[in-house]
$ cat work_33.csv   # CSV, C-alpha atoms
chain,number,residue,atom,x,y,z
A,961,MET,CA,38.8,22.0,15.7
A,962,LYS,CA,38.0,20.2,12.5
A,963,ASP,CA,38.5,16.7,14.1
A,964,LYS,CA,36.6,17.7,17.2
A,965,VAL,CA,33.6,19.0,15.3
A,966,LEU,CA,33.5,15.9,13.1
A,967,SER,CA,33.9,13.6,16.1
A,968,GLU,CA,31.0,15.3,18.0
A,969,VAL,CA,28.7,15.2,15.0
A,970,THR,CA,29.4,11.5,14.4
A,971,LYS,CA,29.1,10.5,18.1
A,972,HIS,CA,25.7,12.2,18.5
A,973,TYR,CA,24.4,10.6,15.3
A,974,LEU,CA,25.5,7.1,16.2
A,975,GLU,CA,24.5,7.2,19.9
A,976,SER,CA,21.1,8.9,19.4
A,977,PRO,CA,18.0,6.7,19.3
A,978,ASP,CA,17.0,7.5,15.7
A,979,PHE,CA,20.3,8.6,14.0
A,980,ASN,CA,19.5,12.2,14.9
A,981,GLY,CA,21.4,15.3,13.8
A,982,ILE,CA,23.1,17.5,16.5
A,983,PRO,CA,21.7,21.0,16.9
A,984,MET,CA,24.2,23.9,16.5
A,985,LEU,CA,23.8,25.1,20.1
A,986,GLN,CA,24.6,21.6,21.4
A,987,LEU,CA,27.5,21.3,19.1
A,988,ILE,CA,29.0,24.6,20.4
A,989,VAL,CA,28.6,23.3,24.0
A,990,GLN,CA,30.1,19.9,23.2
A,991,THR,CA,33.2,21.3,21.4
A,992,GLY,CA,33.7,24.1,24.0
A,993,ALA,CA,34.2,26.6,21.1
A,994,ASP,CA,32.6,29.8,19.9
A,995,TRP,CA,30.3,29.9,17.0
A,996,SER,CA,32.9,32.0,15.2
A,997,GLU,CA,35.2,29.0,15.3
A,998,VAL,CA,32.6,26.3,14.6
A,999,LYS,CA,30.9,28.0,11.6
A,1000,PRO,CA,33.9,28.1,9.3
A,1001,THR,CA,34.9,24.6,10.3
A,1002,LEU,CA,31.4,23.3,9.4
A,1003,ALA,CA,31.6,25.1,6.1
A,1004,GLU,CA,34.9,23.3,5.3
A,1005,LEU,CA,33.5,19.9,6.3
A,1006,VAL,CA,30.4,20.5,4.2
A,1007,LYS,CA,32.6,21.4,1.2
A,1008,GLU,CA,34.5,18.1,1.7
A,1009,GLU,CA,31.2,16.2,2.0
A,1010,PHE,CA,32.0,14.9,5.5
A,1011,VAL,CA,29.1,16.8,7.1
A,1012,GLY,CA,25.6,17.7,6.0
A,1013,LEU,CA,23.4,20.4,7.4
A,1014,LEU,CA,19.6,20.6,7.6
A,1015,PHE,CA,17.8,23.9,8.0
A,1016,SER,CA,14.2,24.6,9.2
A,1017,GLU,CA,13.5,26.5,5.9
A,1018,PHE,CA,13.8,23.3,4.0
A,1019,GLU,CA,12.8,20.6,6.5
A,1020,PRO,CA,9.8,20.4,8.9
A,1021,ASN,CA,11.9,18.3,11.3
A,1022,THR,CA,15.7,19.0,11.1
A,1023,HIS,CA,16.5,16.4,13.7
A,1024,ILE,CA,15.7,13.5,11.3
A,1025,LEU,CA,17.4,13.0,7.9
A,1026,ARG,CA,14.3,12.3,5.9
A,1027,THR,CA,15.3,12.6,2.2
A,1028,GLY,CA,18.7,14.3,2.0
A,1029,PHE,CA,20.5,17.6,2.1
A,1030,PRO,CA,20.4,20.8,0.0
A,1031,ASP,CA,23.5,21.2,-2.3
A,1032,SER,CA,26.8,22.2,-0.6
A,1033,VAL,CA,26.7,25.8,-1.8
A,1034,THR,CA,23.2,26.3,-0.3
A,1035,GLN,CA,24.3,24.8,3.0
A,1036,ILE,CA,27.4,27.0,3.3
A,1037,ASP,CA,25.4,30.1,2.3
A,1038,LYS,CA,22.7,29.4,4.9
A,1039,LEU,CA,25.3,29.1,7.7
A,1040,ALA,CA,25.6,32.9,7.8
A,1041,THR,CA,22.0,33.2,9.0
A,1042,ALA,CA,21.5,29.7,10.5
A,1043,ASP,CA,19.0,29.2,13.4
A,1044,LEU,CA,21.3,27.7,16.0
A,1045,ILE,CA,18.4,25.9,17.7
A,1046,HIS,CA,16.9,24.1,14.8
A,1047,THR,CA,19.8,23.8,12.4
A,1048,CYS,CA,21.3,20.3,12.7
A,1049,ALA,CA,24.5,18.6,11.5
A,1050,TYR,CA,24.9,15.1,10.3
A,1051,PRO,CA,27.9,12.9,9.3
A,1052,ARG,CA,27.9,12.0,5.6
A,1053,PRO,CA,28.5,8.5,4.1
A,1054,LYS,CA,32.0,9.5,3.0
A,1055,HIS,CA,33.1,9.8,6.6
A,1056,LEU,CA,30.8,7.1,8.1
A,1057,GLU,CA,32.2,4.5,5.8
A,1058,THR,CA,35.6,5.0,7.6
A,1059,VAL,CA,34.3,4.6,11.1
A,1060,ILE,CA,31.4,2.1,11.0
A,1061,ASN,CA,32.1,-1.6,11.7
A,1062,LYS,CA,29.6,-3.3,9.4
A,1063,ASN,CA,29.8,-6.5,11.4
A,1064,ASP,CA,28.0,-4.6,14.3
A,1065,TYR,CA,24.9,-4.6,12.1
A,1066,GLN,CA,25.1,-8.0,10.5
A,1067,ASP,CA,21.8,-9.0,12.1
A,1068,GLU,CA,20.1,-5.7,11.2
A,1069,PRO,CA,20.5,-5.3,7.5
A,1070,TYR,CA,18.2,-2.3,7.3
A,1071,LYS,CA,19.6,-0.5,10.2
A,1072,LEU,CA,23.1,-0.6,8.6
A,1073,PRO,CA,22.2,1.8,5.7
A,1074,MET,CA,21.0,4.4,8.1
A,1075,ALA,CA,24.1,4.0,10.2
A,1076,LEU,CA,26.0,4.7,7.0
A,1077,GLY,CA,24.1,7.9,6.4
A,1078,GLU,CA,21.4,6.9,4.0
A,1079,PRO,CA,18.2,9.0,4.5
A,1080,GLN,CA,15.4,7.4,6.5
A,1081,LEU,CA,12.8,7.7,3.8
A,1082,SER,CA,14.9,5.9,1.3
A,1083,TYR,CA,12.9,2.8,0.3
A,1084,ARG,CA,13.4,-0.7,-0.8
A,1085,ALA,CA,11.2,-2.8,-3.1
A,1086,PHE,CA,10.1,-6.4,-2.2
A,1087,ASP,CA,8.3,-9.2,-3.7
A,1088,LEU,CA,4.6,-9.0,-2.9
A,1089,SER,CA,4.6,-12.5,-1.3
A,1090,ILE,CA,6.3,-11.0,1.8
A,1091,LEU,CA,2.9,-9.8,2.8
A,1092,GLU,CA,1.4,-13.3,2.9
A,1093,LEU,CA,3.1,-14.0,6.2
A,1094,TYR,CA,1.1,-11.2,7.9
A,1095,ARG,CA,-2.1,-11.2,5.8
A,1096,ASN,CA,-2.7,-14.9,6.4
A,1097,ASP,CA,-1.9,-15.0,10.1
A,1098,PRO,CA,-4.9,-13.9,12.2
A,1099,ARG,CA,-2.5,-12.9,15.0
A,1100,TYR,CA,-1.5,-9.9,13.0
A,1101,TYR,CA,-3.5,-6.8,12.3
A,1102,TYR,CA,-3.0,-6.2,8.6
A,1103,THR,CA,-4.5,-3.3,6.6
A,1104,ASN,CA,-4.1,-2.5,3.0
A,1105,ASP,CA,-6.0,0.1,1.0
A,1106,ASP,CA,-4.1,-0.7,-2.2
A,1107,ILE,CA,-1.9,2.4,-1.8
A,1108,ASN,CA,-0.5,1.9,1.7
A,1109,GLY,CA,-1.0,-0.3,4.7
A,1110,THR,CA,0.2,-1.2,8.2
A,1111,ILE,CA,1.1,-4.4,10.1
A,1112,SER,CA,0.9,-4.8,13.8
A,1113,VAL,CA,0.3,-7.5,16.4
A,1114,LYS,CA,-3.1,-8.2,17.8
A,1115,GLY,CA,-3.5,-8.5,21.5
A,1116,ASP,CA,-3.4,-6.3,24.7
A,1117,PHE,CA,-2.5,-6.6,28.4
A,1118,ASP,CA,-5.6,-8.6,29.1
A,1119,GLU,CA,-5.1,-11.0,26.2
A,1120,PRO,CA,-1.4,-11.0,25.1
A,1121,SER,CA,-0.4,-12.2,21.7
A,1122,THR,CA,0.6,-15.8,21.3
A,1123,LEU,CA,3.4,-14.8,18.9
A,1124,SER,CA,7.0,-15.0,20.1
A,1125,GLU,CA,8.7,-11.8,21.1
A,1126,ASN,CA,10.7,-11.8,17.9
A,1127,ASP,CA,7.6,-12.0,15.8
A,1128,GLN,CA,5.8,-9.2,17.6
A,1129,ILE,CA,6.6,-6.5,15.1
A,1130,LEU,CA,5.1,-3.2,14.0
A,1131,LEU,CA,5.5,-1.9,10.5
A,1132,GLU,CA,4.0,1.6,10.7
A,1133,THR,CA,3.6,1.9,7.0
A,1134,PHE,CA,4.2,0.1,3.7
A,1135,GLY,CA,3.3,1.1,0.2
A,1136,PHE,CA,3.7,-0.1,-3.4
A,1137,ALA,CA,6.0,0.6,-6.3
A,1138,TYR,CA,6.1,-0.4,-10.0
A,1139,ASP,CA,8.8,-1.2,-12.5
A,1140,GLU,CA,8.8,-0.1,-16.2
A,1141,ASP,CA,6.5,-3.1,-17.0
A,1142,MET,CA,4.0,-2.0,-14.3
A,1143,ASN,CA,4.8,-5.1,-12.2
A,1144,ARG,CA,3.9,-4.2,-8.6
A,1145,ALA,CA,6.1,-4.6,-5.6
A,1146,VAL,CA,5.9,-3.7,-1.9
A,1147,ALA,CA,7.8,-0.5,-1.0
A,1148,THR,CA,8.9,0.2,2.6
A,1149,PHE,CA,11.1,3.0,4.0
A,1150,LEU,CA,14.3,2.2,5.8
A,1151,ARG,CA,13.1,3.9,8.9
A,1152,TYR,CA,10.4,1.4,9.4
A,1153,LEU,CA,12.3,-1.6,8.2
A,1154,ALA,CA,15.0,-0.9,10.8
A,1155,ASP,CA,12.4,-1.1,13.6
A,1156,LEU,CA,11.6,-4.7,12.7
A,1157,SER,CA,13.2,-7.5,14.8
A,1158,SER,CA,16.4,-8.8,13.3
A,1159,GLU,CA,14.6,-12.1,12.4
A,1160,HIS,CA,12.0,-10.2,10.4
A,1161,GLN,CA,14.6,-7.9,8.8
A,1162,LYS,CA,16.2,-11.0,7.4
A,1163,LEU,CA,12.9,-12.3,6.2
A,1164,TRP,CA,12.3,-9.1,4.3
A,1165,GLN,CA,15.9,-9.1,3.0
A,1166,VAL,CA,15.3,-12.5,1.3
A,1167,LYS,CA,12.3,-11.0,-0.6
A,1168,GLN,CA,14.1,-7.7,-1.6
A,1169,LEU,CA,14.1,-6.9,-5.3
A,1170,GLY,CA,16.6,-4.9,-7.3
A,1171,ASP,CA,16.5,-1.2,-8.3
A,1172,GLY,CA,14.2,0.2,-10.9
A,1173,TYR,CA,11.0,0.4,-8.9
A,1174,LYS,CA,9.3,3.8,-8.4
A,1175,LEU,CA,6.8,4.6,-5.7
A,1176,HIS,CA,3.1,4.7,-6.3
A,1177,PRO,CA,2.5,8.5,-7.0
A,1178,ASP,CA,-0.2,8.8,-4.2
A,1179,TYR,CA,2.0,6.9,-1.7
A,1180,TYR,CA,4.8,9.4,-2.5
A,1181,ARG,CA,2.4,12.3,-2.0
A,1182,ASN,CA,1.1,10.9,1.3
A,1183,SER,CA,4.4,9.8,2.8
A,1184,ILE,CA,7.0,12.2,1.4
A,1185,ILE,CA,5.2,15.4,0.7
A,1186,GLY,CA,2.5,15.0,3.3
A,1187,ASP,CA,-0.2,15.8,0.7
A,1188,TRP,CA,-3.5,14.1,-0.2
A,1189,GLY,CA,-3.5,11.5,-3.0
A,1190,GLU,CA,-5.2,12.5,-6.3
A,1191,LYS,CA,-7.1,9.3,-7.0
A,1192,VAL,CA,-9.1,6.5,-5.2
A,1193,PRO,CA,-7.7,3.0,-5.4
A,1194,ILE,CA,-9.9,0.8,-7.7
A,1195,PHE,CA,-10.8,-1.7,-5.0
A,1196,SER,CA,-11.9,1.1,-2.7
A,1197,ALA,CA,-13.8,2.8,-5.5
A,1198,PHE,CA,-15.6,-0.4,-6.3
A,1199,VAL,CA,-17.1,-0.9,-2.8
A,1200,ASN,CA,-17.9,2.9,-2.7
A,1201,GLU,CA,-19.9,2.4,-5.8
A,1202,LEU,CA,-21.9,-0.4,-4.1
A,1203,TYR,CA,-22.7,1.9,-1.2
A,1204,ILE,CA,-23.8,4.8,-3.5
A,1205,ILE,CA,-26.0,2.5,-5.6
A,1206,ASN,CA,-27.7,1.3,-2.4
A,1207,GLN,CA,-28.3,4.9,-1.4
A,1208,MET,CA,-29.9,5.6,-4.8
A,1209,SER,CA,-32.1,2.5,-4.2
A,1210,VAL,CA,-33.2,4.0,-0.8
A,1211,ALA,CA,-34.0,7.3,-2.6
A,1212,MET,CA,-36.1,5.3,-5.1
A,1213,GLU,CA,-38.0,3.8,-2.1
A,1214,ARG,CA,-36.8,0.3,-3.0
A,1215,PRO,CA,-34.9,-2.4,-1.2
A,1216,PRO,CA,-31.2,-2.0,-1.7
A,1217,LEU,CA,-29.8,-3.5,-5.0
A,1218,PHE,CA,-26.9,-5.1,-3.1
A,1219,ARG,CA,-27.5,-7.1,0.1
A,1220,ASN,CA,-24.1,-6.0,1.4
A,1221,ASP,CA,-22.5,-2.7,0.4
A,1222,PHE,CA,-19.6,-3.0,3.0
A,1223,GLY,CA,-20.2,0.3,4.7
A,1224,LYS,CA,-20.2,4.0,3.9
A,1225,TYR,CA,-16.4,4.1,3.8
A,1226,GLY,CA,-15.8,0.4,2.8
A,1227,GLU,CA,-14.9,-0.4,6.4
A,1228,GLU,CA,-16.4,-3.8,6.1
A,1229,ARG,CA,-14.7,-4.7,2.8
A,1230,PRO,CA,-13.3,-8.2,2.9
A,1231,GLN,CA,-9.5,-8.2,3.6
A,1232,GLU,CA,-8.9,-10.5,0.6
A,1233,PHE,CA,-10.6,-8.1,-1.8
A,1234,GLY,CA,-7.5,-6.5,-3.2
A,1235,PHE,CA,-4.7,-7.0,-5.7
A,1236,LEU,CA,-3.1,-10.4,-5.7
A,1237,VAL,CA,-0.3,-10.7,-3.2
A,1238,ARG,CA,1.1,-13.7,-5.1
A,1239,PRO,CA,0.2,-13.8,-8.8
A,1240,THR,CA,-0.7,-17.5,-9.0
A,1241,LEU,CA,-3.5,-19.4,-10.6
A,1242,LYS,CA,-4.9,-20.4,-7.2
A,1243,GLU,CA,-4.9,-16.9,-5.8
A,1244,PHE,CA,-6.5,-15.6,-9.0
A,1245,ASN,CA,-9.2,-18.2,-8.7
A,1246,ASP,CA,-9.8,-17.2,-5.1
A,1247,PHE,CA,-10.1,-13.6,-6.2
A,1248,VAL,CA,-12.5,-14.4,-9.0
A,1249,HIS,CA,-14.7,-16.4,-6.5
A,1250,LEU,CA,-14.8,-13.4,-4.1
A,1251,LEU,CA,-15.5,-10.9,-6.9
A,1252,ASP,CA,-18.4,-12.9,-8.1
A,1253,LYS,CA,-19.8,-13.2,-4.6
A,1254,ILE,CA,-19.5,-9.4,-4.2
A,1255,VAL,CA,-21.3,-8.7,-7.5
A,1256,SER,CA,-23.5,-11.5,-8.9
A,1257,ASP,CA,-24.3,-13.3,-5.6
A,1258,ASN,CA,-24.8,-10.0,-3.8
A,1259,ILE,CA,-27.6,-8.7,-6.0
A,1260,ASN,CA,-30.9,-8.5,-4.1
A,1261,LYS,CA,-33.9,-9.9,-6.1
A,1262,LYS,CA,-36.3,-7.9,-3.9
A,1263,PHE,CA,-35.0,-4.7,-5.6
A,1264,PHE,CA,-36.8,-5.6,-8.8
A,1265,GLN,CA,-40.2,-5.8,-7.1
A,1266,ASN,CA,-41.6,-8.3,-9.6
A,1267,GLU,CA,-41.5,-5.6,-12.4
A,1268,ILE,CA,-39.9,-8.3,-14.6
A,1269,PRO,CA,-40.5,-12.1,-14.7
A,1270,TYR,CA,-38.3,-13.9,-12.2
A,1271,GLU,CA,-38.6,-17.2,-14.2
A,1272,THR,CA,-38.4,-18.5,-17.7
A,1273,GLU,CA,-40.8,-21.0,-19.2
A,1274,THR,CA,-39.6,-23.3,-21.9
A,1275,GLU,CA,-41.7,-25.9,-23.8
A,1276,ARG,CA,-40.0,-29.3,-24.1
A,1277,SER,CA,-40.4,-31.5,-27.1
A,1278,ASP,CA,-43.0,-33.6,-25.3
A,1279,GLY,CA,-45.1,-30.5,-24.7
A,1280,LYS,CA,-44.4,-30.0,-21.0
A,1281,ILE,CA,-43.4,-26.6,-19.7
A,1282,VAL,CA,-40.1,-26.3,-17.8
A,1283,VAL,CA,-39.9,-23.4,-15.4
A,1284,GLN,CA,-36.5,-22.1,-14.4
A,1285,PRO,CA,-35.5,-19.2,-12.1
A,1286,LYS,CA,-33.5,-16.5,-13.8
A,1287,GLY,CA,-30.1,-15.6,-12.5
A,1288,THR,CA,-29.4,-12.3,-10.7
A,1289,LEU,CA,-27.3,-11.0,-13.7
A,1290,GLN,CA,-30.1,-11.7,-16.1
A,1291,LEU,CA,-32.7,-10.0,-13.9
A,1292,PHE,CA,-30.5,-7.0,-13.5
A,1293,ASP,CA,-29.8,-6.8,-17.3
A,1294,GLU,CA,-33.5,-7.1,-18.2
A,1295,TRP,CA,-34.7,-4.6,-15.6
A,1296,LEU,CA,-32.1,-2.0,-16.6
A,1297,ARG,CA,-32.9,-2.3,-20.3
A,1298,LYS,CA,-36.7,-2.1,-19.5
A,1299,TYR,CA,-36.5,1.1,-17.4
A,1300,PHE,CA,-33.5,3.0,-18.7
A,1301,ARG,CA,-33.0,4.7,-22.0
A,1302,CYS,CA,-29.5,5.1,-23.3
A,1303,SER,CA,-28.2,6.6,-26.6
A,1304,ASP,CA,-25.3,4.1,-26.5
A,1305,TRP,CA,-25.4,0.8,-24.6
A,1306,ALA,CA,-21.8,0.0,-25.5
A,1307,ALA,CA,-20.4,0.7,-22.0
A,1308,TRP,CA,-23.0,-1.4,-20.3
A,1309,GLU,CA,-22.5,-4.2,-22.9
A,1310,GLU,CA,-18.8,-4.3,-22.1
A,1311,SER,CA,-19.5,-4.2,-18.3
A,1312,ILE,CA,-22.1,-7.0,-18.2
A,1313,LYS,CA,-19.8,-9.0,-20.5
A,1314,ALA,CA,-17.0,-8.6,-17.9
A,1315,ILE,CA,-19.3,-9.6,-15.0
A,1316,ARG,CA,-20.5,-12.7,-16.8
A,1317,LYS,CA,-16.9,-13.6,-17.6
A,1318,VAL,CA,-16.1,-13.4,-13.9
A,1319,ARG,CA,-19.0,-15.8,-13.2
A,1320,LYS,CA,-17.8,-18.2,-15.9
A,1321,LEU,CA,-14.3,-18.1,-14.5
A,1322,ARG,CA,-15.6,-18.8,-11.1
A,1323,GLN,CA,-17.4,-22.0,-12.3
A,1324,GLU,CA,-14.3,-23.4,-14.1
A,1325,PRO,CA,-12.2,-24.3,-11.0
A,1326,ALA,CA,-15.2,-26.3,-9.7
A,1327,HIS,CA,-15.1,-28.6,-12.7
A,1328,ALA,CA,-11.4,-29.0,-13.2
A,1329,ILE,CA,-8.2,-29.8,-11.4
A,1330,ASN,CA,-5.6,-27.2,-12.4
A,1331,GLU,CA,-2.0,-27.1,-11.6
A,1332,ASN,CA,-1.1,-24.0,-9.6
A,1333,ILE,CA,0.9,-21.6,-11.8
A,1334,PHE,CA,2.9,-18.5,-11.0
A,1335,ASP,CA,2.6,-15.7,-13.6
A,1336,GLN,CA,2.5,-11.9,-13.3
A,1337,LYS,CA,-0.3,-11.8,-15.8
A,1338,TYR,CA,-2.8,-12.9,-13.1
A,1339,SER,CA,-2.3,-9.6,-11.3
A,1340,LYS,CA,-3.0,-7.6,-14.4
A,1341,ILE,CA,-6.0,-9.7,-15.5
A,1342,SER,CA,-7.7,-9.4,-12.1
A,1343,GLU,CA,-7.4,-5.6,-11.9
A,1344,ASN,CA,-8.3,-5.2,-15.6
A,1345,SER,CA,-11.5,-7.3,-15.2
A,1346,LEU,CA,-12.5,-5.3,-12.1
A,1347,TRP,CA,-12.0,-2.0,-13.9
A,1348,LYS,CA,-14.2,-3.1,-16.9
A,1349,SER,CA,-16.9,-4.4,-14.6
A,1350,MET,CA,-17.4,-1.0,-12.9
A,1351,ARG,CA,-17.0,1.2,-16.0
A,1352,PRO,CA,-20.5,2.7,-16.3
$ encode --input "work_33.csv" --output "structure tokens"
Amino acid sequence: MKDKVLSEVTKHYLESPDFNGIPMLQLIVQTGADWSEVKPTLAELVKEEFVGLLFSEFEPNTHILRTGFPDSVTQIDKLATADLIHTCAYPRPKHLETVINKNDYQDEPYKLPMALGEPQLSYRAFDLSILELYRNDPRYYYTNDDINGTISVKGDFDEPSTLSENDQILLETFGFAYDEDMNRAVATFLRYLADLSSEHQKLWQVKQLGDGYKLHPDYYRNSIIGDWGEKVPIFSAFVNELYIINQMSVAMERPPLFRNDFGKYGEERPQEFGFLVRPTLKEFNDFVHLLDKIVSDNINKKFFQNEIPYETETERSDGKIVVQPKGTLQLFDEWLRKYFRCSDWAAWEESIKAIRKVRKLRQEPAHAINENIFDQKYSKISENSLWKSMRP
């Protein structure tokens, strides 16, 4: 009976489409035995760690091994009152290691761990550069809200994709993780990695990092617990601020302060406006250029309604007057100081300083030829400068 039960549990797991557990009622039918015989056999197999049991009291979907099993004592105790329809049994790694031929999965490196009994929501960490392949190819639909994202192929029946069949992949979700030094990595669950084509599984495998990365807290809440995140990603918050400021402008019966606020929910936010996928000098310069366009170049001079001078007049040594238009940042700073009263301008001083620094950084690449450099510092500098620029 012990061998028969273990054999049926293993067969169902390996032959099912998604490494599913076998329900108790089905196991009874498959073994041709009574529950009175199967129950003590399962208890023994659980104790020996050859089989694991999932109960509906602990898991919303017992047919999928999401994160793991309760401890052995709890599993054995719950057998006495188990729901035979929704309680499912799975083979454990201790047994699967003895029956799986790993060569069968040599072209599917992320399907193998699930075949060996690893939970489907186990995750792997990858170098951020793996996302470049999809972000930079217009044939892929790539989304990223700085906590999670998706990748799929563009096209439909009327206009099929030009990608080869092996490149037509779907990654239902990816997120991010951090090591102790707060270096960011891509994090993806085994369940979705295993659905990639064998070619793309191997591409991701090349970019896989070691252990020591922990999931972003809000990605963990969204994906594992099924809860809402606690905070808004800084890049999303930034464009939300632009929209709110423009709504304030409308309430003041003025033209909008920003020519483009990227939509109520940031739905028109530029795809490139996010953390650096590859922390290089070139990508950092591209980010700085875009940030300056979103802030300084985006300020609408009509907002100020000629309430401050738009030009400066400077007398030259020969007595002639030179008239120069003021930049948008200067106009904004002067208008704010004229019409607002603050007990402490320190926060604004720091913010305008950061925004001006972004403008200066943008101008530097235009006047110099710089060697492209890879350094994790660029990721942290970009996010830090953005945070300071929106502090007030």
$ closest_residue --input "work_33.csv" --among "A:Thr1041, A:Ser1196, A:Thr1001, A:Thr1272" --to "A:Phe1233" --atoms "all atoms listed in the file"
A:Ser1196
$ residues_near_point --input "work_33.csv" --point "(1.7, -12.0, -2.8)" --cutoff "6 Å" --atoms "all atoms listed in the file" --output "list in words"
Leu1088, Ser1089, Glu1092, Leu1236, Val1237 and Arg1238 of chain A
$ closest_residue --input "work_33.csv" --among "A:Phe1292, A:Phe1218, A:Trp1164, A:Trp995" --to "A:Ile1315" --atoms "all atoms listed in the file"
A:Phe1292
$ atom_distance --input "work_33.csv" --atom1 "atom CA of A:Met1208" --atom2 "atom CA of A:Leu1289"
19.0 Å
$ residues_near_point --input "work_33.csv" --point "(-12.2, -12.4, -5.5)" --cutoff "10 Å" --atoms "only C-alpha atoms" --output "ChimeraX atom specification"
/A:1230,1232-1236,1243-1254,1318,1322,1342,1346
$ write_last_selection --input "work_33.csv" --atoms "C-alpha atoms" --output "compact mmCIF listing (two decimals), in the frame of the given file"
# COMPACT_ATOMS: atom_id res chain seq x y z
CA PRO A 1230 -13.30 -8.20 2.90
CA GLU A 1232 -8.90 -10.50 0.60
CA PHE A 1233 -10.60 -8.10 -1.80
CA GLY A 1234 -7.50 -6.50 -3.20
CA PHE A 1235 -4.70 -7.00 -5.70
CA LEU A 1236 -3.10 -10.40 -5.70
CA GLU A 1243 -4.90 -16.90 -5.80
CA PHE A 1244 -6.50 -15.60 -9.00
CA ASN A 1245 -9.20 -18.20 -8.70
CA ASP A 1246 -9.80 -17.20 -5.10
CA PHE A 1247 -10.10 -13.60 -6.20
CA VAL A 1248 -12.50 -14.40 -9.00
CA HIS A 1249 -14.70 -16.40 -6.50
CA LEU A 1250 -14.80 -13.40 -4.10
CA LEU A 1251 -15.50 -10.90 -6.90
CA ASP A 1252 -18.40 -12.90 -8.10
CA LYS A 1253 -19.80 -13.20 -4.60
CA ILE A 1254 -19.50 -9.40 -4.20
CA VAL A 1318 -16.10 -13.40 -13.90
CA ARG A 1322 -15.60 -18.80 -11.10
CA SER A 1342 -7.70 -9.40 -12.10
CA LEU A 1346 -12.50 -5.30 -12.10
$ residues_around --input "work_33.csv" --residues "A:Asp1105" --least-positions-apart "6" --cutoff "12 Å" --atoms "only C-alpha atoms" --output "count of residues only"
23
$ residues_around --input "work_33.csv" --residues "stretch 1258-1267 of chain A" --least-positions-apart "3" --cutoff "12 Å" --atoms "all atoms listed in the file" --output "VMD selection string"
chain A and resid 1199 1202 1205 to 1206 1208 to 1210 1212 to 1222 1250 to 1255 1270 to 1271 1285 to 1296 1298 to 1299
$ write_last_selection --input "work_33.csv" --atoms "C-alpha atoms" --output "PDB file, keeping the file's coordinate frame"
ATOM      1  CA  VAL A1199     -17.100  -0.900  -2.800  1.00  0.00           C
ATOM      2  CA  LEU A1202     -21.900  -0.400  -4.100  1.00  0.00           C
ATOM      3  CA  ILE A1205     -26.000   2.500  -5.600  1.00  0.00           C
ATOM      4  CA  ASN A1206     -27.700   1.300  -2.400  1.00  0.00           C
ATOM      5  CA  MET A1208     -29.900   5.600  -4.800  1.00  0.00           C
ATOM      6  CA  SER A1209     -32.100   2.500  -4.200  1.00  0.00           C
ATOM      7  CA  VAL A1210     -33.200   4.000  -0.800  1.00  0.00           C
ATOM      8  CA  MET A1212     -36.100   5.300  -5.100  1.00  0.00           C
ATOM      9  CA  GLU A1213     -38.000   3.800  -2.100  1.00  0.00           C
ATOM     10  CA  ARG A1214     -36.800   0.300  -3.000  1.00  0.00           C
ATOM     11  CA  PRO A1215     -34.900  -2.400  -1.200  1.00  0.00           C
ATOM     12  CA  PRO A1216     -31.200  -2.000  -1.700  1.00  0.00           C
ATOM     13  CA  LEU A1217     -29.800  -3.500  -5.000  1.00  0.00           C
ATOM     14  CA  PHE A1218     -26.900  -5.100  -3.100  1.00  0.00           C
ATOM     15  CA  ARG A1219     -27.500  -7.100   0.100  1.00  0.00           C
ATOM     16  CA  ASN A1220     -24.100  -6.000   1.400  1.00  0.00           C
ATOM     17  CA  ASP A1221     -22.500  -2.700   0.400  1.00  0.00           C
ATOM     18  CA  PHE A1222     -19.600  -3.000   3.000  1.00  0.00           C
ATOM     19  CA  LEU A1250     -14.800 -13.400  -4.100  1.00  0.00           C
ATOM     20  CA  LEU A1251     -15.500 -10.900  -6.900  1.00  0.00           C
ATOM     21  CA  ASP A1252     -18.400 -12.900  -8.100  1.00  0.00           C
ATOM     22  CA  LYS A1253     -19.800 -13.200  -4.600  1.00  0.00           C
ATOM     23  CA  ILE A1254     -19.500  -9.400  -4.200  1.00  0.00           C
ATOM     24  CA  VAL A1255     -21.300  -8.700  -7.500  1.00  0.00           C
ATOM     25  CA  TYR A1270     -38.300 -13.900 -12.200  1.00  0.00           C
ATOM     26  CA  GLU A1271     -38.600 -17.200 -14.200  1.00  0.00           C
ATOM     27  CA  PRO A1285     -35.500 -19.200 -12.100  1.00  0.00           C
ATOM     28  CA  LYS A1286     -33.500 -16.500 -13.800  1.00  0.00           C
ATOM     29  CA  GLY A1287     -30.100 -15.600 -12.500  1.00  0.00           C
ATOM     30  CA  THR A1288     -29.400 -12.300 -10.700  1.00  0.00           C
ATOM     31  CA  LEU A1289     -27.300 -11.000 -13.700  1.00  0.00           C
ATOM     32  CA  GLN A1290     -30.100 -11.700 -16.100  1.00  0.00           C
ATOM     33  CA  LEU A1291     -32.700 -10.000 -13.900  1.00  0.00           C
ATOM     34  CA  PHE A1292     -30.500  -7.000 -13.500  1.00  0.00           C
ATOM     35  CA  ASP A1293     -29.800  -6.800 -17.300  1.00  0.00           C
ATOM     36  CA  GLU A1294     -33.500  -7.100 -18.200  1.00  0.00           C
ATOM     37  CA  TRP A1295     -34.700  -4.600 -15.600  1.00  0.00           C
ATOM     38  CA  LEU A1296     -32.100  -2.000 -16.600  1.00  0.00           C
ATOM     39  CA  LYS A1298     -36.700  -2.100 -19.500  1.00  0.00           C
ATOM     40  CA  TYR A1299     -36.500   1.100 -17.400  1.00  0.00           C
TER      41      TYR A1299
END
$ closest_residue --input "work_33.csv" --among "A:Ile1129, A:Ile1281, A:Val998, A:Ala1211" --to "A:Tyr1100" --atoms "all atoms listed in the file"
A:Ile1129
